[in-house]
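With compact mmCIF, C-alpha atoms inside, this is work.txt:
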# COMPACT_ATOMS: atom_id res chain seq x y z
CA MET D 1 32.28 111.49 74.46
CA THR D 2 29.10 111.96 76.47
CA THR D 3 26.25 109.52 76.14
CA ARG D 4 24.06 112.27 74.69
CA ARG D 5 26.65 113.07 72.00
CA ALA D 6 27.12 109.40 71.19
CA ILE D 7 23.36 109.02 70.71
CA ARG D 8 23.26 112.09 68.45
CA LEU D 9 26.12 110.69 66.37
CA LEU D 10 24.40 107.32 66.06
CA ILE D 11 21.15 109.01 64.98
CA ALA D 12 23.02 111.07 62.40
CA VAL D 13 24.72 107.97 60.98
CA LEU D 14 21.42 106.10 60.79
CA LEU D 15 19.69 109.05 59.11
CA VAL D 16 22.47 109.43 56.56
CA ALA D 17 22.32 105.71 55.86
CA ALA D 18 18.57 106.08 55.32
CA GLY D 19 19.15 109.02 52.98
CA ILE D 20 17.63 111.61 55.32
CA SER D 21 19.36 114.93 55.99
CA SER D 22 20.50 114.88 59.60
CA GLN D 23 21.68 118.48 59.89
CA ARG D 24 18.30 119.96 60.82
CA ILE D 25 17.72 117.29 63.46
CA LEU D 26 21.22 117.67 64.91
CA ASP D 27 20.92 121.48 65.01
CA ARG D 28 17.75 121.09 67.06
CA ALA D 29 19.38 118.50 69.35
CA GLU D 30 22.26 120.89 70.10
CA THR D 31 19.88 123.56 71.38
CA PRO D 32 20.21 123.62 75.17
CA ILE D 33 17.10 123.21 77.31
CA ILE D 34 17.68 126.66 78.79
CA PRO D 35 19.43 129.63 77.19
CA GLU D 36 22.92 130.65 78.41
CA ALA D 37 21.59 134.00 79.73
CA ASP D 38 19.09 132.21 81.96
CA ILE D 39 21.75 129.85 83.28
CA ALA D 40 23.90 132.77 84.42
CA SER D 41 21.03 134.20 86.49
CA ILE D 42 20.56 131.05 88.61
CA PRO D 43 22.30 131.34 91.99
CA ASP D 44 24.63 128.63 93.26
CA GLY D 45 22.74 125.82 94.93
CA TYR D 46 19.59 126.41 92.89
CA VAL D 47 18.07 124.70 89.85
CA LEU D 48 15.58 125.92 87.25
CA VAL D 49 12.06 124.52 87.05
CA THR D 50 11.45 123.85 83.35
CA GLU D 51 8.08 122.13 83.64
CA VAL D 52 5.33 121.50 86.13
CA VAL D 53 4.18 117.94 85.52
CA ASP D 54 1.33 118.07 88.05
CA GLY D 55 0.62 119.26 91.56
CA ASP D 56 3.51 117.42 93.20
CA THR D 57 6.01 116.75 90.41
CA ILE D 58 8.27 119.08 88.44
CA ALA D 59 11.06 118.87 85.89
CA ILE D 60 14.30 120.73 86.60
CA VAL D 61 17.68 121.40 85.07
CA ASP D 62 20.89 122.03 86.95
CA PRO D 63 22.73 125.12 85.60
CA ASN D 64 25.96 123.09 85.78
CA ASP D 65 24.51 120.53 83.34
CA PRO D 66 21.70 122.26 81.41
CA ASP D 67 21.39 119.47 78.85
CA GLN D 68 20.11 117.01 81.43
CA GLU D 69 16.60 117.28 82.82
CA PHE D 70 15.38 115.55 86.00
CA LYS D 71 11.92 114.87 87.39
CA VAL D 72 11.43 115.80 91.03
CA ARG D 73 8.66 114.41 93.25
CA TYR D 74 7.84 116.52 96.29
CA ILE D 75 8.46 114.65 99.55
CA GLY D 76 5.72 114.29 102.16
CA VAL D 77 2.76 115.51 100.15
CA ASP D 78 0.30 114.20 97.59
CA THR D 79 -1.96 116.13 95.25
CA PRO D 80 -4.96 114.81 93.35
CA GLU D 81 -4.00 113.11 90.08
CA THR D 82 -4.05 114.82 86.70
CA VAL D 83 -1.60 112.79 84.61
CA HIS D 84 -1.71 109.28 86.09
CA PRO D 85 -1.76 106.68 83.30
CA THR D 86 -4.50 104.54 84.90
CA LYS D 87 -6.51 107.07 86.92
CA PRO D 88 -8.88 109.81 85.77
CA ILE D 89 -8.30 113.44 86.73
CA GLN D 90 -9.28 113.64 90.38
CA CYS D 91 -11.21 116.33 92.22
CA PHE D 92 -9.07 119.47 92.63
CA GLY D 93 -6.24 117.93 90.60
CA GLN D 94 -6.18 120.62 87.93
CA GLU D 95 -6.34 123.35 90.56
CA ALA D 96 -3.41 121.80 92.43
CA SER D 97 -1.39 121.55 89.24
CA ASP D 98 -2.21 125.15 88.31
CA PHE D 99 -1.28 126.41 91.80
CA ASN D 100 2.01 124.53 91.69
CA LYS D 101 2.68 126.05 88.27
CA SER D 102 1.96 129.55 89.59
CA LEU D 103 4.50 128.98 92.37
CA VAL D 104 7.42 127.35 90.58
CA GLN D 105 7.20 127.40 86.76
CA GLY D 106 10.35 129.07 85.41
CA GLN D 107 11.61 129.78 88.94
CA SER D 108 14.95 129.02 90.53
CA VAL D 109 14.41 126.62 93.41
CA ARG D 110 16.58 124.99 96.04
CA LEU D 111 16.18 121.25 96.53
CA GLU D 112 16.65 119.54 99.87
CA ARG D 113 17.07 115.79 100.21
CA ASP D 114 15.78 113.78 103.15
CA ILE D 115 16.97 110.14 103.37
CA SER D 116 15.94 108.61 100.04
CA ASP D 117 17.36 109.91 96.79
CA THR D 118 14.82 108.62 94.26
CA ASP D 119 11.46 106.88 94.13
CA GLN D 120 10.52 103.70 92.29
CA TYR D 121 10.03 105.69 89.07
CA GLY D 122 13.51 107.25 89.16
CA ARG D 123 12.26 110.71 90.18
CA LEU D 124 14.36 112.68 92.65
CA LEU D 125 12.64 112.96 96.04
CA ARG D 126 13.08 116.46 97.43
CA TYR D 127 11.73 119.27 99.56
CA VAL D 128 11.53 122.35 97.34
CA TYR D 129 12.15 125.98 98.34
CA LEU D 130 11.69 129.17 96.33
CA ARG D 131 14.41 131.82 96.38
CA GLY D 132 12.34 133.93 98.76
CA GLY D 133 12.24 131.04 101.24
CA THR D 134 8.75 129.69 100.55
CA PHE D 135 8.66 125.96 101.34
CA VAL D 136 6.66 124.73 98.33
CA ASN D 137 5.70 121.31 99.75
CA LEU D 138 4.32 122.96 102.89
CA GLU D 139 2.56 125.75 100.98
CA LEU D 140 0.65 123.20 98.89
CA VAL D 141 -0.64 121.56 102.09
CA ARG D 142 -1.29 124.88 103.85
CA GLN D 143 -3.44 126.16 100.98
CA GLY D 144 -5.41 122.91 100.64
CA TYR D 145 -3.93 121.73 97.33
CA ALA D 146 -2.14 118.70 98.82
CA THR D 147 -2.50 116.23 101.64
CA LEU D 148 0.11 114.74 103.91
CA SER D 149 1.60 111.60 102.41
CA THR D 150 4.53 110.26 104.39
CA TYR D 151 6.76 107.41 103.28
CA PRO D 152 9.42 106.54 105.85
CA PRO D 153 12.30 107.11 106.09
CA ASP D 154 11.60 110.54 104.52
CA VAL D 155 9.79 112.13 107.46
CA ALA D 156 11.77 115.26 108.42
CA HIS D 157 8.85 117.67 107.99
CA THR D 158 5.92 115.39 108.87
CA ALA D 159 4.86 117.38 111.96
CA GLU D 160 4.76 120.64 109.95
CA PHE D 161 2.71 118.98 107.23
CA GLN D 162 0.29 117.52 109.79
CA MET D 163 -0.32 120.92 111.40
CA ALA D 164 -0.76 122.64 108.02
CA GLN D 165 -3.18 119.96 106.86
CA GLN D 166 -5.29 120.26 110.00
CA GLU D 167 -5.43 124.06 109.61
CA ALA D 168 -6.43 123.77 105.93
CA ARG D 169 -9.07 121.16 106.74
CA ASP D 170 -10.49 123.22 109.63
CA ALA D 171 -10.63 126.33 107.42
CA GLY D 172 -12.13 124.40 104.49
CA ARG D 173 -9.38 125.52 102.13
CA GLY D 174 -8.93 124.03 98.70
CA LEU D 175 -9.75 120.37 98.30
CA TRP D 176 -11.14 120.21 101.83
CA SER D 177 -14.24 122.11 100.71
CA ALA D 178 -14.26 121.21 97.00
CA CYS D 179 -14.01 117.42 97.29
CA ARG D 180 -15.78 114.73 99.28
Take the structure I supplied and represent it as structure tokens, if you would.
Amino acid sequence: MTTRRAIRLLIAVLLVAAGISSQRILDRAETPIIPEADIASIPDGYVLVTEVVDGDTIAIVDPNDPDQEFKVRYIGVDTPETVHPTKPIQCFGQEASDFNKSLVQGQSVRLERDISDTDQYGRLLRYVYLRGGTFVNLELVRQGYATLSTYPPDVAHTAEFQMAQQEARDAGRGLWSACR
């Protein structure tokens, strides 16, 4: 029995014990995160972006396990905050989040690991690529929605990010002209 099923069974037992009908809740819990038809359209080696959390974080599901969702933090870049629990929305944060959403929301993406697997919050650390080959992390920097933010040992694309950031800054793209 999977952990998810065991939890559903426990909830059902508790609801029945409390005199609450569990069928409606269990029916909803059995609904997969993504429909079967969408799963079939995802190529091998790709995952589906189910949510854009902010400019540098997404939620994904693996077509091989569509009931489990993972958060993914883009490696090597940082965007202004929009959902940080202790910080206000920062300059160009909403624009960065919206741009990220326009790139990846509902898209099949390929994830590439560097050295580290997860960060301190349990998010997967990955480079993200669209099916057409667009390197999402780099595109965010190139267009001025993100800045270089390197945390060794995950440094495989640092030189690319540095060049893209300098070009965006010199051209005054995105946050480089909108924020002080």
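Each of D:Gln68, D:Gln165, D:Ser41, D:Ser97 was compared to Glu139 in chain D using all atoms listed in the file, and D:Gln165 turns out to be the nearest.
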Legend entry - Protein/DNA/RNA residues near (16.4, 110.3, 93.6), cut 12 Å, only C-alpha atoms, as JSON, numbers by chain: {"D": [70, 71, 72, 73, 74, 75, 111, 112, 113, 114, 115, 116, 117, 118, 119, 120, 121, 122, 123, 124, 125, 126, 127, 154]}
Would you output that residue set with C-alpha atoms, as a PDB file, in the coordinates of the input?
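Output (out-v5.pdb):
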ATOM      1  CA  PHE D  70      15.380 115.550  86.000  1.00  0.00           C
ATOM      2  CA  LYS D  71      11.920 114.870  87.390  1.00  0.00           C
ATOM      3  CA  VAL D  72      11.430 115.800  91.030  1.00  0.00           C
ATOM      4  CA  ARG D  73       8.660 114.410  93.250  1.00  0.00           C
ATOM      5  CA  TYR D  74       7.840 116.520  96.290  1.00  0.00           C
ATOM      6  CA  ILE D  75       8.460 114.650  99.550  1.00  0.00           C
ATOM      7  CA  LEU D 111      16.180 121.250  96.530  1.00  0.00           C
ATOM      8  CA  GLU D 112      16.650 119.540  99.870  1.00  0.00           C
ATOM      9  CA  ARG D 113      17.070 115.790 100.210  1.00  0.00           C
ATOM     10  CA  ASP D 114      15.780 113.780 103.150  1.00  0.00           C
ATOM     11  CA  ILE D 115      16.970 110.140 103.370  1.00  0.00           C
ATOM     12  CA  SER D 116      15.940 108.610 100.040  1.00  0.00           C
ATOM     13  CA  ASP D 117      17.360 109.910  96.790  1.00  0.00           C
ATOM     14  CA  THR D 118      14.820 108.620  94.260  1.00  0.00           C
ATOM     15  CA  ASP D 119      11.460 106.880  94.130  1.00  0.00           C
ATOM     16  CA  GLN D 120      10.520 103.700  92.290  1.00  0.00           C
ATOM     17  CA  TYR D 121      10.030 105.690  89.070  1.00  0.00           C
ATOM     18  CA  GLY D 122      13.510 107.250  89.160  1.00  0.00           C
ATOM     19  CA  ARG D 123      12.260 110.710  90.180  1.00  0.00           C
ATOM     20  CA  LEU D 124      14.360 112.680  92.650  1.00  0.00           C
ATOM     21  CA  LEU D 125      12.640 112.960  96.040  1.00  0.00           C
ATOM     22  CA  ARG D 126      13.080 116.460  97.430  1.00  0.00           C
ATOM     23  CA  TYR D 127      11.730 119.270  99.560  1.00  0.00           C
ATOM     24  CA  ASP D 154      11.600 110.540 104.520  1.00  0.00           C
TER      25      ASP D 154
END
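CA of Ala59 in chain D sits 23.3 Å away from CA of Cys91 in chain D.
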Inset, instruction - Quick one: everything within 12 Å of Gly45 in chain D, counting all atoms listed in the file, minus sequence neighbours fewer than 5 positions away in the same chain. Send it as a PyMOL selection string. - result: chain D and resi 61-64+108-112+128-131
Inset, instruction - Take CA of Asp44 in chain D and CA of Asp67 in chain D and report the distance between them in Å, one decimal. - result: 17.4 Å
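We find CA of Ile89 in chain D and CA of Ala156 in chain D to be spaced 29.6 Å apart.
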Inset, instruction - Using all atoms listed in the file, find the one residue out of D:Cys179, D:Ala164, D:Val77, D:Val104 that sits nearest to Ala146 in chain D. - result: D:Val77
Legend entry - Residue nearest Tyr145 in chain D - candidates D:Glu81, D:Glu95, D:Glu51, D:Glu69, atoms counted: all atoms listed in the file: D:Glu95
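Of the residues listed (D:Gly76, D:Leu48, D:Asp170, D:Pro66), D:Gly76 shows the shortest atom-to-atom separation from Val155 in chain D; distances use only C-alpha atoms.
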